[in-house]
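Asks: What follows is entry.cif, mmCIF, C-alpha atoms.
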```
data_target
loop_
_atom_site.label_atom_id
_atom_site.label_comp_id
_atom_site.auth_asym_id
_atom_site.auth_seq_id
_atom_site.Cartn_x
_atom_site.Cartn_y
_atom_site.Cartn_z
CA MET A 1 2.74 6.62 -14.03
CA ARG A 2 3.14 7.25 -17.75
CA ARG A 3 1.43 4.59 -19.80
CA MET A 4 0.47 3.84 -23.37
CA PHE A 5 -3.17 4.55 -22.70
CA SER A 6 -5.21 7.09 -20.80
CA SER A 7 -8.94 6.87 -20.22
CA ALA A 8 -11.19 8.10 -17.42
CA CYS A 9 -9.22 5.92 -15.04
CA ALA A 10 -5.71 5.53 -16.47
CA SER A 11 -2.81 7.74 -17.41
CA VAL A 12 -0.47 7.13 -20.36
CA ALA A 13 2.05 8.50 -22.79
CA ILE A 14 0.42 7.53 -26.05
CA VAL A 15 -3.15 8.44 -25.27
CA THR A 16 -4.11 11.71 -23.68
CA ALA A 17 -6.61 13.90 -21.91
CA THR A 18 -8.01 11.72 -19.15
CA THR A 19 -7.86 11.23 -15.40
CA ALA A 20 -5.37 8.88 -13.76
CA GLY A 21 -6.03 6.89 -10.66
CA CYS A 22 -8.23 3.81 -11.12
CA THR A 23 -6.30 1.15 -12.96
CA ALA A 24 -3.23 0.75 -10.80
CA ALA A 25 -5.11 -0.59 -7.81
CA ALA A 26 -6.89 -3.12 -9.95
CA GLU A 27 -3.72 -4.22 -11.73
CA HIS A 28 -1.66 -4.65 -8.56
CA GLY A 29 -4.19 -6.41 -6.38
CA GLY A 30 -5.44 -3.27 -4.67
CA GLN A 31 -2.08 -2.56 -3.09
CA GLY A 32 -1.87 0.99 -4.43
CA ARG A 33 -2.99 3.31 -7.14
CA GLU A 34 -1.98 6.39 -9.04
CA LEU A 35 -3.19 9.80 -7.99
CA THR A 36 -5.99 11.41 -9.93
CA ALA A 37 -5.25 14.70 -11.64
CA THR A 38 -7.29 16.48 -8.95
CA GLU A 39 -5.21 14.86 -6.22
CA GLU A 40 -2.01 15.74 -8.05
CA VAL A 41 -2.99 19.41 -7.96
CA VAL A 42 -3.38 19.21 -4.17
CA VAL A 43 0.08 17.62 -3.83
CA ARG A 44 1.66 20.28 -6.04
CA ARG A 45 0.11 23.07 -4.01
CA ALA A 46 1.43 21.56 -0.79
CA GLU A 47 4.86 21.19 -2.36
CA GLN A 48 4.90 24.86 -3.28
CA LEU A 49 3.83 25.88 0.22
CA LEU A 50 6.69 23.84 1.68
CA VAL A 51 9.15 25.37 -0.77
CA LYS A 52 7.94 28.82 0.26
CA GLU A 53 8.45 27.97 3.93
CA CYS A 54 11.95 26.68 3.25
CA MET A 55 12.98 29.66 1.12
CA GLU A 56 11.75 32.16 3.68
CA LYS A 57 13.73 30.38 6.39
CA LYS A 58 16.80 30.86 4.20
CA GLY A 59 16.11 34.58 3.99
CA PHE A 60 14.45 34.80 0.58
CA LYS A 61 11.02 35.79 -0.62
CA TYR A 62 8.99 33.20 -2.47
CA TRP A 63 5.56 33.28 -4.07
CA VAL A 64 3.29 30.31 -4.69
CA GLY A 65 2.32 31.06 -8.25
CA ALA A 66 -0.38 29.70 -10.50
CA LEU A 67 -0.66 25.93 -10.20
CA PRO A 68 -1.61 23.58 -13.02
CA THR A 69 -5.29 22.85 -13.42
CA VAL A 70 -6.74 19.38 -13.82
CA ASP A 71 -6.99 19.97 -17.57
CA ASP A 72 -3.32 21.00 -17.67
CA LEU A 73 -2.33 17.62 -16.23
CA LYS A 74 -4.43 15.66 -18.70
CA GLY A 75 -3.12 17.02 -21.97
CA ASP A 76 -0.12 14.94 -22.98
CA GLY A 77 -0.12 11.97 -25.30
CA PHE A 78 -0.30 10.45 -28.77
CA PHE A 79 -4.05 10.48 -29.33
CA LEU A 80 -7.06 11.89 -27.54
CA THR A 81 -9.82 9.86 -25.93
CA ASN A 82 -11.59 12.41 -23.73
CA VAL A 83 -14.15 14.20 -25.91
CA GLY A 84 -14.99 16.72 -23.18
CA TRP A 85 -11.34 17.70 -22.79
CA ALA A 86 -11.01 18.03 -26.56
CA LYS A 87 -14.08 20.29 -26.72
CA ARG A 88 -12.61 22.54 -24.02
CA ASN A 89 -9.00 22.54 -25.16
CA GLY A 90 -8.56 21.16 -28.67
CA TYR A 91 -5.04 19.75 -28.60
CA GLY A 92 -4.06 22.03 -25.74
CA SER A 93 -2.53 24.95 -27.65
CA ARG A 94 -4.10 27.53 -25.37
CA LEU A 95 -3.04 25.59 -22.30
CA GLN A 96 0.53 25.61 -23.59
CA LYS A 97 0.37 29.34 -24.23
CA LYS A 98 -1.02 29.90 -20.75
CA ALA A 99 1.85 27.91 -19.25
CA GLN A 100 4.35 29.98 -21.20
CA ASN A 101 2.75 33.18 -19.90
CA VAL A 102 2.84 31.90 -16.34
CA GLN A 103 6.54 31.16 -16.69
CA ARG A 104 7.18 34.56 -18.27
CA ASP A 105 5.31 36.39 -15.50
CA ASP A 106 6.68 34.30 -12.62
CA PRO A 107 7.22 36.67 -9.66
CA ASN A 108 10.02 34.47 -8.34
CA SER A 109 12.06 34.91 -11.52
CA ALA A 110 11.43 38.65 -11.38
CA TYR A 111 12.51 38.75 -7.73
CA ALA A 112 15.67 36.76 -8.42
CA LYS A 113 16.69 39.25 -11.10
CA THR A 114 16.60 42.07 -8.54
CA LEU A 115 19.18 40.35 -6.33
CA PRO A 116 22.91 41.06 -6.45
CA ARG A 117 24.80 38.46 -8.49
CA GLU A 118 26.10 36.48 -5.52
CA GLU A 119 22.72 36.46 -3.83
CA ARG A 120 21.06 35.46 -7.09
CA ALA A 121 23.37 32.45 -7.27
CA ARG A 122 22.61 31.57 -3.65
CA TYR A 123 18.90 31.92 -4.39
CA SER A 124 19.16 29.43 -7.25
CA ASP A 125 21.25 27.00 -5.23
CA THR A 126 18.85 27.25 -2.29
CA LEU A 127 15.78 26.68 -4.43
CA LEU A 128 17.03 24.08 -6.91
CA GLY A 129 20.28 22.84 -5.43
CA SER A 130 23.72 22.55 -6.98
CA THR A 131 26.26 19.89 -7.83
CA SER A 132 28.33 20.95 -4.84
CA SER A 133 25.61 19.68 -2.50
CA GLY A 134 25.85 16.17 -3.96
CA MET A 135 23.72 14.53 -6.63
CA LEU A 136 21.22 11.71 -6.61
CA THR A 137 21.26 9.37 -9.60
CA ALA A 138 18.37 7.28 -10.90
CA ASP A 139 18.90 4.69 -13.63
CA LEU A 140 16.13 4.71 -16.24
CA PRO A 141 14.53 1.45 -17.39
CA VAL A 142 15.41 2.16 -21.04
CA GLY A 143 19.01 2.98 -20.19
CA GLY A 144 20.78 6.12 -19.19
CA ALA A 145 20.29 7.98 -15.97
CA VAL A 146 18.99 11.24 -14.56
CA GLN A 147 20.33 13.26 -11.66
CA ALA A 148 18.99 15.74 -9.15
CA PRO A 149 20.67 17.77 -6.40
CA ARG A 150 20.44 16.07 -3.05
CA ASP A 151 19.97 19.28 -1.06
CA SER A 152 17.60 22.13 -1.98
CA CYS A 153 14.30 23.58 -0.86
CA LEU A 154 12.61 21.61 -3.62
CA ALA A 155 14.22 18.39 -2.40
CA ASP A 156 13.30 19.29 1.18
CA ALA A 157 9.65 19.82 0.19
CA LYS A 158 9.48 16.51 -1.65
CA GLY A 159 11.18 14.74 1.22
CA ARG A 160 8.61 16.07 3.68
CA LEU A 161 5.75 15.05 1.41
CA TYR A 162 6.94 11.65 0.23
CA GLY A 163 8.88 10.65 3.34
CA ASP A 164 12.26 10.06 1.68
CA PHE A 165 13.33 12.15 -1.30
CA GLU A 166 16.05 9.76 -2.45
CA THR A 167 13.74 6.73 -2.47
CA TRP A 168 10.97 8.73 -4.12
CA PHE A 169 13.26 10.13 -6.80
CA ARG A 170 14.43 6.70 -7.89
CA ALA A 171 11.01 5.04 -7.69
CA GLU A 172 9.31 7.86 -9.58
CA LYS A 173 11.88 7.90 -12.37
CA THR A 174 11.44 4.16 -12.84
CA ALA A 175 7.65 3.98 -12.59
CA THR A 176 7.04 6.89 -14.95
CA ASN A 177 9.49 5.74 -17.63
CA LEU A 178 8.37 2.19 -18.34
CA THR A 179 6.38 2.94 -21.50
CA PRO A 180 9.42 3.17 -23.83
CA LEU A 181 10.28 -0.41 -22.91
CA TYR A 182 7.19 -1.83 -24.57
CA GLN A 183 5.77 0.91 -26.81
CA PRO A 184 7.74 -0.19 -29.92
CA ASP A 185 6.30 -3.72 -29.65
CA LEU A 186 2.81 -2.56 -28.76
CA VAL A 187 2.41 -0.29 -31.79
CA LYS A 188 3.42 -3.18 -34.06
CA ASP A 189 0.92 -5.56 -32.46
CA ARG A 190 -1.70 -6.65 -35.02
CA ARG A 191 -4.51 -5.83 -32.61
CA PHE A 192 -3.28 -2.25 -32.33
CA THR A 193 -2.68 -1.73 -36.06
CA ASP A 194 -6.13 -3.12 -36.87
CA ALA A 195 -7.67 -0.73 -34.35
CA VAL A 196 -5.81 2.21 -35.90
CA LYS A 197 -7.20 1.28 -39.33
CA LYS A 198 -10.73 1.35 -37.96
CA TRP A 199 -10.01 4.70 -36.31
CA SER A 200 -8.75 6.01 -39.64
CA ALA A 201 -11.94 4.88 -41.41
CA CYS A 202 -14.01 6.66 -38.75
CA MET A 203 -12.00 9.84 -39.26
CA ARG A 204 -12.55 9.72 -43.02
CA VAL A 205 -16.30 9.58 -42.47
CA ALA A 206 -15.91 12.66 -40.24
CA GLY A 207 -14.09 14.46 -43.05
CA HIS A 208 -10.52 13.93 -41.85
CA ASP A 209 -8.44 11.57 -43.96
CA TYR A 210 -5.54 10.44 -41.76
CA ALA A 211 -3.95 7.00 -41.49
CA LYS A 212 -2.91 7.49 -37.86
CA PRO A 213 -3.42 10.06 -35.08
CA SER A 214 0.04 11.59 -35.39
CA GLN A 215 -0.76 12.69 -38.95
CA ALA A 216 -3.71 14.77 -37.76
CA ARG A 217 -1.49 16.82 -35.47
CA GLU A 218 1.25 17.11 -38.06
CA LYS A 219 -1.24 18.67 -40.49
CA LEU A 220 -2.75 21.08 -37.98
CA THR A 221 -0.29 23.89 -38.74
CA GLU A 222 -1.03 23.55 -42.45
CA LEU A 223 -4.78 23.49 -41.84
CA THR A 224 -4.71 26.67 -39.77
CA GLU A 225 -2.19 28.65 -41.81
CA GLY A 226 -3.46 32.17 -42.55
CA LEU A 227 -6.49 31.86 -40.28
CA SER A 228 -7.33 34.21 -37.44
CA GLU A 229 -6.60 33.00 -33.95
CA GLU A 230 -10.27 32.23 -33.29
CA LYS A 231 -10.79 30.38 -36.58
CA ALA A 232 -7.55 28.44 -36.15
CA TYR A 233 -8.63 27.35 -32.69
CA ALA A 234 -12.02 26.27 -34.01
CA VAL A 235 -10.26 24.05 -36.57
CA GLU A 236 -8.06 22.62 -33.82
CA VAL A 237 -11.03 21.82 -31.60
CA ASP A 238 -13.00 20.25 -34.45
CA LEU A 239 -10.11 17.95 -35.35
CA ALA A 240 -9.37 17.06 -31.73
CA VAL A 241 -13.01 16.22 -31.00
CA ALA A 242 -13.18 14.01 -34.10
CA GLU A 243 -9.99 12.22 -33.01
CA ALA A 244 -11.30 11.53 -29.51
CA THR A 245 -14.76 10.55 -30.74
CA CYS A 246 -13.35 8.04 -33.21
CA ALA A 247 -11.00 6.61 -30.58
CA ASN A 248 -14.05 5.74 -28.50
CA GLU A 249 -16.40 4.73 -31.31
CA THR A 250 -13.84 2.29 -32.70
CA PRO A 251 -11.82 -0.33 -30.78
CA LEU A 252 -8.78 1.96 -30.59
CA ALA A 253 -9.20 3.25 -27.02
CA ARG A 254 -10.34 -0.09 -25.63
CA THR A 255 -7.69 -2.12 -27.47
CA THR A 256 -4.86 0.19 -26.46
CA ARG A 257 -5.94 0.01 -22.83
CA THR A 258 -5.93 -3.79 -22.95
CA LEU A 259 -2.58 -3.98 -24.69
CA ASP A 260 -1.03 -1.43 -22.36
CA THR A 261 -1.95 -3.56 -19.37
CA GLU A 262 -0.76 -6.74 -21.08
CA TYR A 263 2.59 -5.38 -22.17
CA ARG A 264 3.15 -3.45 -18.95
CA GLU A 265 2.58 -6.48 -16.76
CA LYS A 266 5.54 -8.17 -18.44
CA GLN A 267 7.74 -5.52 -16.78
CA LEU A 268 6.38 -6.12 -13.27
CA PRO A 269 8.85 -8.86 -12.29
CA LEU A 270 11.70 -6.39 -12.85
CA TYR A 271 10.10 -3.16 -11.66
CA GLY A 272 7.23 -4.19 -9.38
CA ASP A 273 8.97 -2.95 -6.23
CA ASP A 274 9.56 0.50 -7.70
CA ILE A 275 5.97 0.73 -8.97
CA ALA A 276 4.64 -0.28 -5.56
CA ALA A 277 6.88 2.27 -3.83
CA TYR A 278 5.82 4.99 -6.27
CA GLU A 279 2.13 4.33 -5.67
CA ARG A 280 2.49 4.00 -1.89
CA MET A 281 4.57 7.15 -1.53
CA SER A 282 2.20 9.08 -3.80
CA LEU A 283 -0.70 8.25 -1.50
CA ASP A 284 1.41 9.15 1.54
CA ALA A 285 2.19 12.51 -0.09
CA LEU A 286 -1.50 13.10 -0.75
CA ALA A 287 -2.32 12.54 2.91
CA GLN A 288 0.42 14.98 3.94
CA ALA A 289 -0.72 17.49 1.30
CA GLU A 290 -4.29 17.45 2.50
CA GLU A 291 -3.10 18.29 6.01
CA ILE A 292 -0.83 21.07 4.76
CA THR A 293 -3.39 22.68 2.45
CA GLY A 294 -6.46 21.95 4.55
CA SER A 295 -8.22 20.65 1.45
CA THR A 296 -9.15 17.26 0.06
CA ALA A 297 -9.19 16.14 -3.54
#
```
Represent the structure contained in this file as structure tokens.
Replies:
Amino acid sequence: MRRMFSSACASVAIVTATTAGCTAAAEHGGQGRELTATEEVVVRRAEQLLVKECMEKKGFKYWVGALPTVDDLKGDGFFLTNVGWAKRNGYGSRLQKKAQNVQRDDPNSAYAKTLPREERARYSDTLLGSTSSGMLTADLPVGGAVQAPRDSCLADAKGRLYGDFETWFRAEKTATNLTPLYQPDLVKDRRFTDAVKKWSACMRVAGHDYAKPSQAREKLTELTEGLSEEKAYAVEVDLAVAEATCANETPLARTTRTLDTEYREKQLPLYGDDIAAYERMSLDALAQAEEITGSTA
């Protein structure tokens, strides 16, 4: 579930580099929880194995490629709180480059290019689906909607893992898109703005004069211009570690976590059923994934 804050036990869209999985159970009376990043990796591996099985039944080759690591799944957000992650990855530039290389070297893409045009189209439709097979639609909490093909090997894999692809698709799109509903109000909350000021003062002491976390990232390109790759990465890591350290040494991380819970709970009367379904089906998928992969998170 994408939230405003992410610490060792919560995942969010404004704060990054931590492990999800602990807060949801506490916030919803123990009825469910989010998966940890480690558990998410297990589910993704199982999904790929099921896609492979489906594609081969349809007469195509399919390779289970490189899966995301735990660090890959932790690196998305507005400011860092996990000092260890920051020391290993900075702001994640090398992780992003690695992901680009994985996509570029994907054996499935290379295989598809060797197929005759009609078979290549059938390959794509089999793997990802097409509009001709019918589309599922999920309304987003902030307005608008997203669609996905109803029939494909990817949909089949998710259906086998989560129990019902259509229900999962709609619950997941709701539960993971709640943050935009309350983020504008949260960032204007006096408690948050006061915490950001204290974070900024901490950063100045560390030699980084920024009023808010987004400014640090915006200046990174300027700070590393003309430097070698190694020196540029060292600058990135130094800034990222300072950002995460100050988030923890000031009230910023703690305050954002509290506010995220407070503002998010206001949405529960409208979206509680979808959140509960998302958490329940995620845990069901984990159980299925552990059987399929023969491994536990």
Asks: Pick out the residues sitting within 12 Å of Asp106 (chain A), and hand them over as a ChimeraX atom specification; count all atoms listed in the file, and ignore anything fewer than 3 positions along from it in its own chain.
Replies: /A:62-67,99-103,109-113
Asks: Separation of CA of Pro116 (chain A) and CA of Gln147 (chain A), in Å?
Replies: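 Calculated distance between CA of Pro116 (chain A) and CA of Gln147 (chain A) is 28.4 Å.
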Asks: Please determine an axis-aligned box that encloses all atoms of region 99-110 of chain A listed in the file, with 8 Å added on each side, and express its centre and edge lengths in Å to one decimal as JSON.
Replies:
```
{"center_x": 7.0, "center_y": 33.3, "center_z": -14.8, "size_x": 26.2, "size_y": 26.7, "size_z": 28.9}
```
Asks: Taking all atoms listed in the file into account, which of A:Thr131, A:Thr296, A:Gln288, A:Asn82 comes nearest Thr245 (chain A)?
Replies: A:Asn82
Asks: Got a sec: who's within 7 Å of region 153-170 of chain A, counting only C-alpha atoms, leaving out chain neighbours fewer than 6 positions off, as a ChimeraX atom specification?
Replies: /A:47,50-51,54-55,126-128,136,138,278,281-282,284-285,288-289
Asks: Please measure the separation of CA of Val237 (chain A) and CA of Arg88 (chain A), giving the value in Å to one decimal.
Replies: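 Spanning CA of Val237 (chain A) to CA of Arg88 (chain A) is a straight-line distance of 7.8 Å.
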Asks: Counting only C-alpha atoms, I want the residues whose atoms come within 8 Å of (7.7, 1.4, -19.6) in the file frame, returned as a ChimeraX atom specification.
Replies: /A:2-3,141-142,175-183,264,267
Asks: Output C-alpha atoms of each residue in that selection to a file, as a short mmCIF file (atom, residue, chain, number, x, y, z; two decimals), keeping the file's coordinate frame.
Replies:
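Saved to result.cif:
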```cif
data_model
loop_
_atom_site.label_atom_id
_atom_site.label_comp_id
_atom_site.auth_asym_id
_atom_site.auth_seq_id
_atom_site.Cartn_x
_atom_site.Cartn_y
_atom_site.Cartn_z
CA ARG A 2 3.14 7.25 -17.75
CA ARG A 3 1.43 4.59 -19.80
CA PRO A 141 14.53 1.45 -17.39
CA VAL A 142 15.41 2.16 -21.04
CA ALA A 175 7.65 3.98 -12.59
CA THR A 176 7.04 6.89 -14.95
CA ASN A 177 9.49 5.74 -17.63
CA LEU A 178 8.37 2.19 -18.34
CA THR A 179 6.38 2.94 -21.50
CA PRO A 180 9.42 3.17 -23.83
CA LEU A 181 10.28 -0.41 -22.91
CA TYR A 182 7.19 -1.83 -24.57
CA GLN A 183 5.77 0.91 -26.81
CA ARG A 264 3.15 -3.45 -18.95
CA GLN A 267 7.74 -5.52 -16.78
#
```
Asks: Have a look at CA of Tyr271 (chain A) and CA of Arg45 (chain A) and let me know their distance in Å, one decimal.
Replies: 29.1 Å
Asks: Could you name the residues that touch region 193-199 of chain A at 8 Å or less, counting only C-alpha atoms, but leaving out those on the same chain fewer than 4 positions away, as a PyMOL selection string?
Replies: chain A and resi 187-189+203+211-212+246-247+250-252+255
Asks: I need the residue nearest Asp260 (chain A) from this list: A:Lys87, A:Leu95, A:Leu186, A:Pro107. Use only C-alpha atoms for the distance.
Replies: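 Closest candidate: A:Leu186.
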Asks: How would you write, as a PyMOL selection string, the residues chosen by the PyMOL selection byres ((chain A and resi 148) around 8) on this structure?
Replies: chain A and resi 135-137+146-147+149-150
Asks: Using only C-alpha atoms, which residue out of A:Arg120, A:Arg254, A:Arg217, A:Arg280 lies closest to Gly90 (chain A)?
Replies: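 Closest candidate: A:Arg217.
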Asks: Which residue is closest to Leu259 (chain A)? Choose from A:Gly272, A:Asp185, A:Thr38, A:Asp72 and count all atoms listed in the file.
Replies: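 Using all atoms listed in the file, the shortest distance to Leu259 (chain A) belongs to A:Asp185.
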Asks: Given only C-alpha atoms as the basis, pick out the residue of A:Asn89, A:Leu80, A:Ala206, A:Lys61 nearest to Leu115 (chain A).
Replies: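 For Leu115 (chain A), the nearest of the given residues is A:Lys61.
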Asks: Find, counting all atoms listed in the file, the residue in A:Gly59, A:Arg191, A:Ala86, A:Asp273 that gets nearest to Thr258 (chain A).
Replies: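 Of all the options, A:Arg191 lies closest to Thr258 (chain A).
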